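Asks: This is coords.csv, which holds CSV, C-alpha atoms:
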```csv
chain,number,residue,atom,x,y,z
A,99,MET,CA,20.1,-10.3,-70.2
A,100,THR,CA,20.7,-7.1,-68.3
A,101,GLU,CA,18.3,-8.0,-65.6
A,102,LEU,CA,19.9,-7.5,-62.1
A,103,LYS,CA,19.3,-11.0,-60.9
A,104,PHE,CA,20.5,-14.6,-61.5
A,105,VAL,CA,17.9,-17.4,-61.8
A,106,TYR,CA,18.9,-21.1,-62.2
A,107,VAL,CA,16.6,-24.1,-62.3
A,108,THR,CA,17.7,-27.7,-61.9
A,109,TYR,CA,15.9,-31.0,-61.4
A,110,ILE,CA,17.3,-33.4,-58.9
A,111,ALA,CA,16.4,-37.1,-58.2
A,112,THR,CA,16.1,-36.7,-54.5
A,113,THR,CA,13.5,-35.9,-51.9
A,114,PRO,CA,12.7,-32.3,-50.6
A,115,GLU,CA,13.9,-33.4,-47.2
A,116,LYS,CA,17.3,-34.6,-48.4
A,117,LEU,CA,17.7,-31.5,-50.6
A,118,TRP,CA,16.8,-29.3,-47.6
A,119,GLN,CA,19.5,-31.0,-45.5
A,120,ALA,CA,22.0,-30.5,-48.3
A,121,LEU,CA,21.3,-26.7,-48.3
A,122,THR,CA,21.2,-26.1,-44.5
A,123,ASP,CA,23.7,-28.6,-42.9
A,124,GLY,CA,27.2,-27.2,-42.8
A,125,ALA,CA,28.8,-30.6,-42.8
A,126,PHE,CA,26.9,-31.3,-46.0
A,127,THR,CA,27.5,-28.0,-47.8
A,128,GLU,CA,31.2,-28.2,-47.3
A,129,ARG,CA,31.3,-31.4,-49.4
A,130,TYR,CA,29.9,-29.7,-52.6
A,131,TRP,CA,30.3,-25.9,-52.0
A,132,PHE,CA,34.1,-25.3,-52.4
A,133,GLY,CA,34.6,-26.5,-48.8
A,134,THR,CA,32.3,-23.9,-47.4
A,135,ARG,CA,30.3,-24.7,-44.2
A,136,ILE,CA,27.0,-22.7,-44.3
A,137,GLU,CA,25.7,-22.6,-40.8
A,138,SER,CA,22.7,-21.1,-39.0
A,139,ASP,CA,19.9,-22.2,-36.7
A,140,TRP,CA,17.7,-21.1,-39.6
A,141,SER,CA,15.2,-19.2,-37.4
A,142,LEU,CA,13.9,-15.9,-38.9
A,143,GLY,CA,16.5,-13.2,-38.5
A,144,ALA,CA,19.2,-15.6,-37.4
A,145,LYS,CA,22.8,-15.1,-38.6
A,146,VAL,CA,24.0,-17.2,-41.5
A,147,SER,CA,27.8,-17.8,-41.6
A,148,PHE,CA,29.9,-19.0,-44.5
A,149,ARG,CA,33.0,-20.6,-43.1
A,150,SER,CA,35.9,-21.9,-45.1
A,151,ASP,CA,39.4,-22.8,-43.9
A,152,GLY,CA,38.2,-22.1,-40.4
A,153,SER,CA,37.4,-18.4,-40.9
A,154,ILE,CA,34.2,-16.7,-41.8
A,155,SER,CA,34.3,-15.6,-45.5
A,156,ASP,CA,30.8,-14.2,-45.9
A,157,TYR,CA,27.7,-13.8,-43.7
A,158,GLY,CA,24.0,-13.1,-44.0
A,159,GLU,CA,20.7,-13.3,-42.2
A,160,VAL,CA,17.7,-15.6,-42.6
A,161,LEU,CA,14.8,-13.8,-44.3
A,162,GLU,CA,12.4,-16.7,-44.9
A,163,CYS,CA,12.5,-20.3,-43.8
A,164,LYS,CA,9.7,-22.8,-44.6
A,165,PRO,CA,11.3,-26.2,-44.2
A,166,TYR,CA,11.5,-28.4,-47.4
A,167,THR,CA,9.8,-25.7,-49.4
A,168,ARG,CA,11.5,-22.3,-49.3
A,169,LEU,CA,14.6,-20.7,-47.8
A,170,SER,CA,15.8,-17.1,-48.3
A,171,TYR,CA,18.8,-15.3,-46.8
A,172,SER,CA,20.7,-12.1,-47.3
A,173,TRP,CA,24.3,-12.6,-48.3
A,174,HIS,CA,27.2,-10.2,-47.8
A,175,VAL,CA,30.3,-11.4,-49.7
A,176,LYS,CA,33.3,-10.4,-47.5
A,177,PHE,CA,36.2,-12.5,-48.8
A,178,HIS,CA,37.6,-9.7,-50.9
A,179,GLU,CA,37.2,-5.9,-51.1
A,180,ALA,CA,36.2,-6.1,-54.7
A,181,PHE,CA,32.9,-7.6,-53.4
A,182,SER,CA,32.6,-6.5,-49.8
A,183,ARG,CA,32.0,-2.9,-50.7
A,184,GLU,CA,28.6,-3.9,-52.3
A,185,ARG,CA,25.4,-4.1,-50.2
A,186,PRO,CA,24.1,-7.5,-49.2
A,187,SER,CA,22.2,-9.4,-51.9
A,188,ARG,CA,19.5,-11.9,-51.4
A,189,VAL,CA,19.3,-15.6,-52.4
A,190,THR,CA,16.2,-17.7,-52.4
A,191,PHE,CA,15.9,-21.5,-52.8
A,192,GLU,CA,12.5,-22.9,-53.8
A,193,LEU,CA,11.9,-26.7,-53.7
A,194,GLU,CA,9.0,-28.3,-55.5
A,195,PRO,CA,8.4,-32.0,-55.8
A,196,VAL,CA,7.7,-32.8,-59.4
A,197,GLY,CA,8.0,-36.5,-59.8
A,198,PRO,CA,6.0,-39.5,-59.0
A,199,GLY,CA,6.4,-40.2,-55.3
A,200,ARG,CA,8.4,-37.1,-54.1
A,201,ALA,CA,11.6,-38.5,-55.5
A,202,GLU,CA,12.3,-35.7,-58.0
A,203,VAL,CA,12.6,-32.1,-57.0
A,204,LYS,CA,12.7,-28.9,-59.0
A,205,LEU,CA,15.1,-26.5,-57.4
A,206,THR,CA,14.9,-22.8,-58.4
A,207,VAL,CA,17.7,-20.5,-57.1
A,208,THR,CA,17.1,-16.8,-57.4
A,209,HIS,CA,19.9,-14.4,-56.5
A,210,GLU,CA,18.8,-10.7,-56.6
A,211,ASP,CA,19.0,-7.3,-54.9
A,212,PHE,CA,22.1,-6.1,-56.8
A,213,ASP,CA,23.1,-2.6,-57.8
A,214,PRO,CA,23.8,-2.0,-61.5
A,215,GLY,CA,27.3,-3.1,-62.4
A,216,SER,CA,27.5,-5.5,-59.5
A,217,LYS,CA,30.7,-7.5,-59.4
A,218,VAL,CA,29.1,-10.0,-57.0
A,219,LEU,CA,26.4,-10.7,-59.6
A,220,ALA,CA,29.0,-11.4,-62.3
A,221,ALA,CA,30.9,-13.7,-59.9
A,222,VAL,CA,27.9,-15.6,-58.7
A,223,SER,CA,26.5,-16.1,-62.2
A,224,ASN,CA,29.7,-18.1,-62.9
A,225,GLY,CA,29.7,-19.8,-59.5
A,226,TRP,CA,26.1,-21.0,-59.2
A,227,PRO,CA,26.0,-23.5,-62.1
A,228,VAL,CA,29.0,-25.4,-60.9
A,229,ILE,CA,27.9,-25.4,-57.2
A,230,LEU,CA,24.4,-26.6,-58.2
A,231,ALA,CA,25.7,-29.2,-60.6
A,232,SER,CA,27.9,-30.5,-57.8
A,233,LEU,CA,24.9,-30.5,-55.4
A,234,LYS,CA,22.9,-32.5,-57.9
A,235,SER,CA,25.8,-35.0,-58.3
A,236,ILE,CA,26.3,-35.5,-54.6
A,237,LEU,CA,22.6,-36.2,-54.0
A,238,GLU,CA,22.2,-38.5,-57.0
A,239,THR,CA,25.6,-40.4,-56.9
A,240,GLY,CA,27.1,-39.7,-53.5
A,241,THR,CA,30.0,-37.9,-55.0
A,242,ALA,CA,30.4,-34.2,-55.6
A,243,LEU,CA,32.2,-32.8,-58.6
A,244,ALA,CA,36.0,-32.3,-58.2
A,245,ALA,CA,35.6,-28.8,-59.5
A,246,THR,CA,33.9,-27.7,-56.3
A,247,SER,CA,36.3,-29.3,-53.8
A,248,ALA,CA,38.0,-27.3,-51.0
A,249,GLU,CA,41.2,-27.7,-53.0
A,250,ALA,CA,39.5,-26.0,-56.0
A,251,ALA,CA,38.3,-23.1,-53.9
A,252,LYS,CA,41.4,-21.0,-53.9
A,253,ALA,CA,41.7,-21.1,-57.7
A,254,ALA,CA,37.9,-20.3,-58.1
A,255,LYS,CA,38.2,-17.3,-55.7
A,256,GLU,CA,41.3,-16.0,-57.5
A,257,LYS,CA,39.5,-16.3,-60.8
A,258,ALA,CA,36.4,-14.4,-59.4
A,259,ILE,CA,38.7,-11.6,-58.0
A,260,ALA,CA,40.6,-11.4,-61.3
A,261,LEU,CA,37.3,-11.1,-63.2
A,262,ALA,CA,36.0,-8.4,-60.8
A,263,GLU,CA,39.2,-6.4,-61.0
A,264,SER,CA,39.4,-6.6,-64.8
A,265,ALA,CA,35.8,-5.3,-65.2
B,20,MET,CA,22.5,-17.5,-93.7
B,21,ARG,CA,24.7,-15.4,-91.4
B,22,GLU,CA,25.0,-16.8,-87.9
B,23,SER,CA,26.2,-13.3,-86.7
B,24,LYS,CA,22.7,-12.0,-86.8
B,25,PHE,CA,21.6,-14.4,-84.1
B,26,LEU,CA,21.8,-13.0,-80.6
B,27,PRO,CA,22.0,-15.2,-77.5
B,28,LYS,CA,18.8,-15.0,-75.5
B,29,THR,CA,18.9,-18.1,-73.2
B,30,VAL,CA,22.0,-19.7,-71.9
B,31,TYR,CA,22.1,-22.7,-69.6
B,32,VAL,CA,25.4,-24.1,-68.1
B,33,THR,CA,25.9,-27.4,-66.3
B,34,TYR,CA,28.8,-29.5,-65.3
B,35,ILE,CA,28.8,-33.3,-65.8
B,36,ALA,CA,31.0,-36.0,-64.3
B,37,SER,CA,31.7,-37.5,-67.7
B,38,THR,CA,33.9,-37.1,-70.8
B,39,PRO,CA,33.4,-34.8,-73.7
B,40,GLU,CA,33.0,-37.8,-76.0
B,41,LYS,CA,30.1,-39.2,-73.9
B,42,VAL,CA,28.4,-35.8,-73.7
B,43,TRP,CA,28.7,-35.5,-77.5
B,44,GLU,CA,27.3,-39.0,-78.0
B,45,ALA,CA,24.3,-38.2,-75.7
B,46,LEU,CA,23.5,-35.1,-77.6
B,47,THR,CA,23.6,-36.8,-81.0
B,48,SER,CA,22.4,-40.3,-80.4
B,49,ALA,CA,18.7,-41.1,-81.0
B,50,GLU,CA,18.7,-43.8,-78.4
B,51,LEU,CA,20.0,-41.4,-75.7
B,52,THR,CA,18.0,-38.2,-76.6
B,53,ARG,CA,14.9,-40.4,-76.4
B,54,GLN,CA,15.7,-40.9,-72.7
B,55,PHE,CA,16.4,-37.3,-71.7
B,56,PHE,CA,14.8,-35.0,-74.3
B,57,PHE,CA,11.0,-35.2,-73.8
B,58,SER,CA,11.1,-38.6,-75.5
B,59,ARG,CA,12.4,-37.1,-78.8
B,60,THR,CA,14.7,-39.0,-81.0
B,61,ILE,CA,17.3,-36.9,-82.9
B,62,GLU,CA,18.0,-37.4,-86.6
B,63,ILE,CA,21.1,-35.7,-87.7
B,64,GLU,CA,23.5,-35.9,-90.6
B,65,PRO,CA,27.0,-35.7,-89.2
B,66,MET,CA,28.3,-32.8,-91.3
B,67,VAL,CA,28.0,-29.1,-91.7
B,68,GLY,CA,25.0,-28.4,-93.9
B,69,GLY,CA,23.4,-31.8,-93.0
B,70,SER,CA,19.8,-32.0,-91.9
B,71,PHE,CA,18.7,-32.1,-88.3
B,72,ALA,CA,15.4,-33.0,-86.8
B,73,MET,CA,13.7,-34.2,-83.6
B,74,ARG,CA,11.0,-36.8,-83.9
B,75,MET,CA,8.2,-37.2,-81.4
B,76,PRO,CA,7.1,-40.6,-80.1
B,77,ASP,CA,4.1,-40.5,-82.5
B,78,GLY,CA,6.6,-40.4,-85.4
B,79,LYS,CA,6.0,-36.7,-86.3
B,80,PHE,CA,8.8,-34.2,-86.3
B,81,ASP,CA,8.5,-31.2,-84.0
B,82,ILE,CA,11.9,-29.6,-84.7
B,83,LYS,CA,13.6,-29.3,-88.0
B,84,GLY,CA,16.8,-27.5,-89.0
B,85,LYS,CA,20.3,-27.7,-90.4
B,86,VAL,CA,23.8,-28.4,-89.0
B,87,ILE,CA,25.8,-25.2,-88.9
B,88,GLU,CA,28.8,-26.4,-86.9
B,89,TRP,CA,29.8,-30.1,-86.4
B,90,ASP,CA,33.0,-30.2,-84.4
B,91,PRO,CA,33.0,-33.4,-82.2
B,92,PRO,CA,33.4,-33.5,-79.2
B,93,ARG,CA,33.5,-29.7,-78.8
B,94,ARG,CA,30.8,-27.8,-80.5
B,95,LEU,CA,27.5,-28.6,-82.2
B,96,SER,CA,25.3,-25.8,-83.6
B,97,VAL,CA,22.0,-26.3,-85.4
B,98,THR,CA,19.2,-24.1,-86.7
B,99,TRP,CA,16.0,-24.9,-84.8
B,100,GLY,CA,12.7,-24.4,-86.5
B,101,VAL,CA,9.6,-25.5,-84.6
B,102,ALA,CA,7.4,-27.5,-86.9
B,103,PHE,CA,4.1,-27.1,-85.0
B,104,GLU,CA,1.4,-25.4,-87.0
B,105,GLU,CA,1.3,-22.3,-84.8
B,106,PHE,CA,5.1,-21.9,-84.8
B,107,ARG,CA,5.8,-22.6,-88.4
B,108,GLU,CA,6.1,-19.0,-89.5
B,109,LEU,CA,8.4,-18.0,-86.7
B,110,PRO,CA,12.0,-17.4,-87.8
B,111,GLU,CA,14.2,-20.3,-86.8
B,112,SER,CA,16.5,-20.0,-83.8
B,113,LEU,CA,20.1,-21.2,-83.4
B,114,VAL,CA,20.9,-23.8,-80.7
B,115,THR,CA,24.6,-24.3,-79.9
B,116,TYR,CA,26.2,-26.8,-77.4
B,117,ASP,CA,29.7,-26.1,-76.3
B,118,ILE,CA,31.5,-28.9,-74.5
B,119,GLU,CA,34.7,-28.2,-72.5
B,120,PRO,CA,36.7,-30.4,-70.2
B,121,MET,CA,36.9,-28.5,-66.8
B,122,GLY,CA,38.5,-29.7,-63.5
B,123,GLY,CA,37.9,-33.4,-64.1
B,124,SER,CA,34.3,-32.8,-65.3
B,125,VAL,CA,32.7,-31.5,-68.5
B,126,LYS,CA,31.2,-28.0,-68.7
B,127,LEU,CA,28.2,-28.0,-71.1
B,128,THR,CA,26.8,-24.7,-72.3
B,129,MET,CA,23.6,-24.5,-74.3
B,130,THR,CA,23.0,-21.2,-76.0
B,131,GLU,CA,19.6,-20.4,-77.7
B,132,ALA,CA,20.1,-17.5,-80.1
B,133,HIS,CA,17.5,-15.6,-82.1
B,134,GLN,CA,17.5,-13.4,-85.2
B,135,TRP,CA,14.7,-11.1,-84.1
B,136,ASP,CA,13.6,-9.3,-81.0
B,137,VAL,CA,11.7,-12.3,-79.4
B,138,PRO,CA,9.3,-11.4,-76.6
B,139,ASP,CA,10.0,-13.0,-73.2
B,140,ALA,CA,6.7,-14.8,-73.4
B,141,ILE,CA,8.0,-16.9,-76.3
B,142,LEU,CA,11.4,-17.4,-74.8
B,143,ALA,CA,9.6,-18.8,-71.7
B,144,GLY,CA,9.0,-22.1,-73.5
B,145,GLY,CA,12.8,-22.8,-73.8
B,146,ARG,CA,13.5,-21.4,-70.5
B,147,GLN,CA,11.1,-23.9,-68.9
B,148,GLY,CA,12.3,-26.8,-71.0
B,149,TRP,CA,16.1,-26.6,-71.2
B,150,PRO,CA,16.7,-26.9,-67.4
B,151,LEU,CA,14.8,-30.2,-67.3
B,152,VAL,CA,16.4,-31.6,-70.5
B,153,LEU,CA,19.9,-30.7,-69.4
B,154,SER,CA,19.3,-31.9,-65.8
B,155,SER,CA,18.0,-35.1,-67.2
B,156,LEU,CA,21.0,-35.5,-69.5
B,157,LYS,CA,23.4,-35.0,-66.5
B,158,SER,CA,21.5,-37.6,-64.5
B,159,LEU,CA,21.5,-40.1,-67.4
B,160,LEU,CA,25.3,-39.8,-67.9
B,161,GLU,CA,26.1,-39.9,-64.1
B,162,THR,CA,23.6,-42.5,-62.9
B,163,GLY,CA,22.3,-44.2,-66.0
B,164,LYS,CA,18.8,-42.9,-65.3
B,165,PRO,CA,17.1,-39.8,-66.6
B,166,ILE,CA,14.9,-37.5,-64.5
B,167,VAL,CA,11.2,-38.4,-64.6
B,168,VAL,CA,8.6,-35.8,-63.8
B,169,SER,CA,4.9,-36.3,-63.4
B,170,VAL,CA,4.0,-32.6,-63.8
B,171,LYS,CA,2.9,-31.6,-67.3
B,172,MET,CA,5.4,-29.5,-69.2
B,173,GLY,CA,3.5,-28.1,-72.2
B,174,PRO,CA,4.1,-24.7,-73.6
B,175,PRO,CA,2.9,-21.9,-71.2
B,176,LYS,CA,-0.4,-20.3,-72.2
B,177,GLU,CA,1.1,-16.9,-72.5
B,178,MET,CA,3.6,-18.3,-75.0
B,179,ILE,CA,0.9,-19.5,-77.4
B,180,GLU,CA,-0.8,-16.1,-77.2
B,181,ALA,CA,2.5,-14.4,-77.9
B,182,ILE,CA,3.2,-16.7,-80.9
B,183,LYS,CA,-0.2,-16.0,-82.4
B,184,GLU,CA,0.4,-12.2,-82.1
B,185,ALA,CA,3.9,-12.5,-83.6
B,186,VAL,CA,2.7,-14.6,-86.5
B,187,ALA,CA,-0.1,-12.0,-87.1
B,188,THR,CA,2.2,-8.9,-87.0
B,189,LYS,CA,5.5,-10.5,-88.1
B,190,PRO,CA,7.9,-8.1,-86.3
B,191,TRP,CA,10.9,-9.8,-87.8
B,192,ARG,CA,10.2,-8.3,-91.2
B,193,LYS,CA,11.2,-4.9,-89.7
B,194,ALA,CA,14.6,-6.4,-88.8
B,195,GLU,CA,15.1,-7.8,-92.3
B,196,ALA,CA,14.2,-4.5,-93.9
B,197,GLY,CA,16.7,-2.6,-91.7
B,198,GLU,CA,19.7,-4.7,-92.8
```
Is it possible to give me this structure as structure tokens?
Replies:
Amino acid sequence: MTELKFVYVTYIATTPEKLWQALTDGAFTERYWFGTRIESDWSLGAKVSFRSDGSISDYGEVLECKPYTRLSYSWHVKFHEAFSRERPSRVTFELEPVGPGRAEVKLTVTHEDFDPGSKVLAAVSNGWPVILASLKSILETGTALAATSAEAAKAAKEKAIALAESA
Amino acid sequence: MRESKFLPKTVYVTYIASTPEKVWEALTSAELTRQFFFSRTIEIEPMVGGSFAMRMPDGKFDIKGKVIEWDPPRRLSVTWGVAFEEFRELPESLVTYDIEPMGGSVKLTMTEAHQWDVPDAILAGGRQGWPLVLSSLKSLLETGKPIVVSVKMGPPKEMIEAIKEAVATKPWRKAEAGE
């Protein structure tokens, strides 16, 4: 419970290739990730940018990239000073086919490298389940959850800031 | 029994494009649990104090407990005793589902709470199983089809070892004595 990382596992009826595209194509991420385009050329050491409303909110660097299997990048949350004073954390996506015929994938998301008392960790622990639920929905049904739309982003960010400032 | 002595050890949250009533129905209907909960059918008396069990395809029960909270379509809480031989002496846990409407979807929170200082090796079983069960429930409600996996999902080996050790040493007795 007090461990300084967040781990979430979900199972998605899709292929590793489609899931990979959903994680690495900015035009796709903005459909289920609160309107955020996550863009990079995904080569080792390349910059990763998180763009919403036309401006870069966060950025990071590619730490590992093994297509359809494993992706890891650092992440510096910049959209508010409650978070930007913390050092960059690290997020890793592991994709594992588990079903008959590569049509079911186990996705494990690990978000780590936080200092004790991290406000970013508290915020992402709330944020990941809804983003990953929306990712699963869009891959399985073609429609993301309304709760992660670009319109919902402002309220979600305000809630995260209020939580960080009250702690 | 006092629920306050149970401490949450594993929490899983998901969001489902559905209604609280349909999520409640999925969690409490034998026909639906059979499709998303490792082929188990639920048997539950719809009232506080009622009996609760999960039946395996071979007809035997592997989970038995009692209904602690029955508040459709918001909150269901049951005691959770594993009926397998090796597990039978372990103190039962408490499993709670909280269902909340949220932004046009439903937020479902599963909390597994324990009344003793359970080692991580034993918690690993639930931590492996719940994500699949709840991912499959979400798929079933959104697409009509559960998640099918071909990899085997039995209890981890370390878990069986940890259960044998716990049953031999009964560390929960210390907690009871300290009350």
Asks: Taking all atoms listed in the file into account and nothing else, which residues of chain A lie no more than 9 Å away from chain B? Please answer as a list in words.
Replies: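 On the chain A side, the interface is Met99, Tyr106, Val107, Thr108, Tyr109, Ile110, Ala111, Pro195, Val196, Gly197, Pro198, Glu202, Val203, Lys204, Pro227, Val228, Leu230, Ala231, Ser232, Lys234, Ser235, Glu238, Thr239, Ala242, Leu243, Ala244, Ala245, Thr246 and Ala250 of chain A.
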Asks: In the coordinate frame of the file, compute which residues have an atom within 10 Å of (26.7, -3.4, -58.4) when using only C-alpha atoms, and state them as a list in words.
Replies: Leu102, Phe181, Arg183, Glu184, Arg185, Ser187, Asp211, Phe212, Asp213, Pro214, Gly215, Ser216, Lys217, Val218, Leu219 and Ala220 of chain A
Asks: Excluding Thr208 (chain A) and any residue of its chain fewer than 4 positions from it, enumerate the residues within 9 Å of it, using all atoms listed in the file, and give them as a VMD selection string.
Replies: chain A and resid 103 to 107 188 to 192
Asks: Within 7 Å of region 132-142 of chain A, counting all atoms listed in the file, which residues show up once you throw out same-chain ones fewer than 5 positions away? Write them as a ChimeraX atom specification, please.
Replies: /A:122-125,127,147-150,160-163,246-248,250-251
Asks: Can I get the selection written as a compact mmCIF listing (two decimals), in the frame of the given file, with C-alpha atoms?
Replies:
```txt
# COMPACT_ATOMS: atom_id res chain seq x y z
CA THR A 122 21.20 -26.10 -44.50
CA ASP A 123 23.70 -28.60 -42.90
CA GLY A 124 27.20 -27.20 -42.80
CA ALA A 125 28.80 -30.60 -42.80
CA THR A 127 27.50 -28.00 -47.80
CA SER A 147 27.80 -17.80 -41.60
CA PHE A 148 29.90 -19.00 -44.50
CA ARG A 149 33.00 -20.60 -43.10
CA SER A 150 35.90 -21.90 -45.10
CA VAL A 160 17.70 -15.60 -42.60
CA LEU A 161 14.80 -13.80 -44.30
CA GLU A 162 12.40 -16.70 -44.90
CA CYS A 163 12.50 -20.30 -43.80
CA THR A 246 33.90 -27.70 -56.30
CA SER A 247 36.30 -29.30 -53.80
CA ALA A 248 38.00 -27.30 -51.00
CA ALA A 250 39.50 -26.00 -56.00
CA ALA A 251 38.30 -23.10 -53.90
```
Asks: Go through B:Pro110, B:Thr60, B:Glu119, B:Ile82 and flag the residue nearest Asp136 (chain B), using only C-alpha atoms for the distances.
Replies: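 Closest residue, counting only C-alpha atoms: B:Pro110.
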Asks: In Å to one decimal, how far is CA of Asp90 (chain B) from CA of Val42 (chain B)?
Replies: 12.9 Å
Asks: Figure out the distance between CA of Ser112 (chain B) and CA of Ala132 (chain B), please, to one decimal in Å.
Replies: 5.7 Å
Asks: Between B:Gly78, B:Pro138, B:Gly100, B:Pro39, which one has atoms that come closest to Glu180 (chain B), using only C-alpha atoms?
Replies: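 Closest to Glu180 (chain B), using only C-alpha atoms: B:Pro138.
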Asks: In file coordinates, which residues lie within 12 Å of (8.3, -20.6, -88.9) using only C-alpha atoms, given as a compact mmCIF listing (two decimals) with C-alpha atoms, in the coordinates of the input?
Replies:
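Final output, saved to out26.txt:
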```
# COMPACT_ATOMS: atom_id res chain seq x y z
CA ASP B 81 8.50 -31.20 -84.00
CA ILE B 82 11.90 -29.60 -84.70
CA LYS B 83 13.60 -29.30 -88.00
CA GLY B 84 16.80 -27.50 -89.00
CA THR B 98 19.20 -24.10 -86.70
CA TRP B 99 16.00 -24.90 -84.80
CA GLY B 100 12.70 -24.40 -86.50
CA VAL B 101 9.60 -25.50 -84.60
CA ALA B 102 7.40 -27.50 -86.90
CA PHE B 103 4.10 -27.10 -85.00
CA GLU B 104 1.40 -25.40 -87.00
CA GLU B 105 1.30 -22.30 -84.80
CA PHE B 106 5.10 -21.90 -84.80
CA ARG B 107 5.80 -22.60 -88.40
CA GLU B 108 6.10 -19.00 -89.50
CA LEU B 109 8.40 -18.00 -86.70
CA PRO B 110 12.00 -17.40 -87.80
CA GLU B 111 14.20 -20.30 -86.80
CA SER B 112 16.50 -20.00 -83.80
CA ILE B 182 3.20 -16.70 -80.90
CA LYS B 183 -0.20 -16.00 -82.40
CA ALA B 185 3.90 -12.50 -83.60
CA VAL B 186 2.70 -14.60 -86.50
CA LYS B 189 5.50 -10.50 -88.10
CA TRP B 191 10.90 -9.80 -87.80
```
Asks: Could you please determine the separation between CA of Ala72 (chain B) and CA of Lys85 (chain B) in Å, to one decimal place?
Replies: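 Calculated distance between CA of Ala72 (chain B) and CA of Lys85 (chain B) is 8.1 Å.
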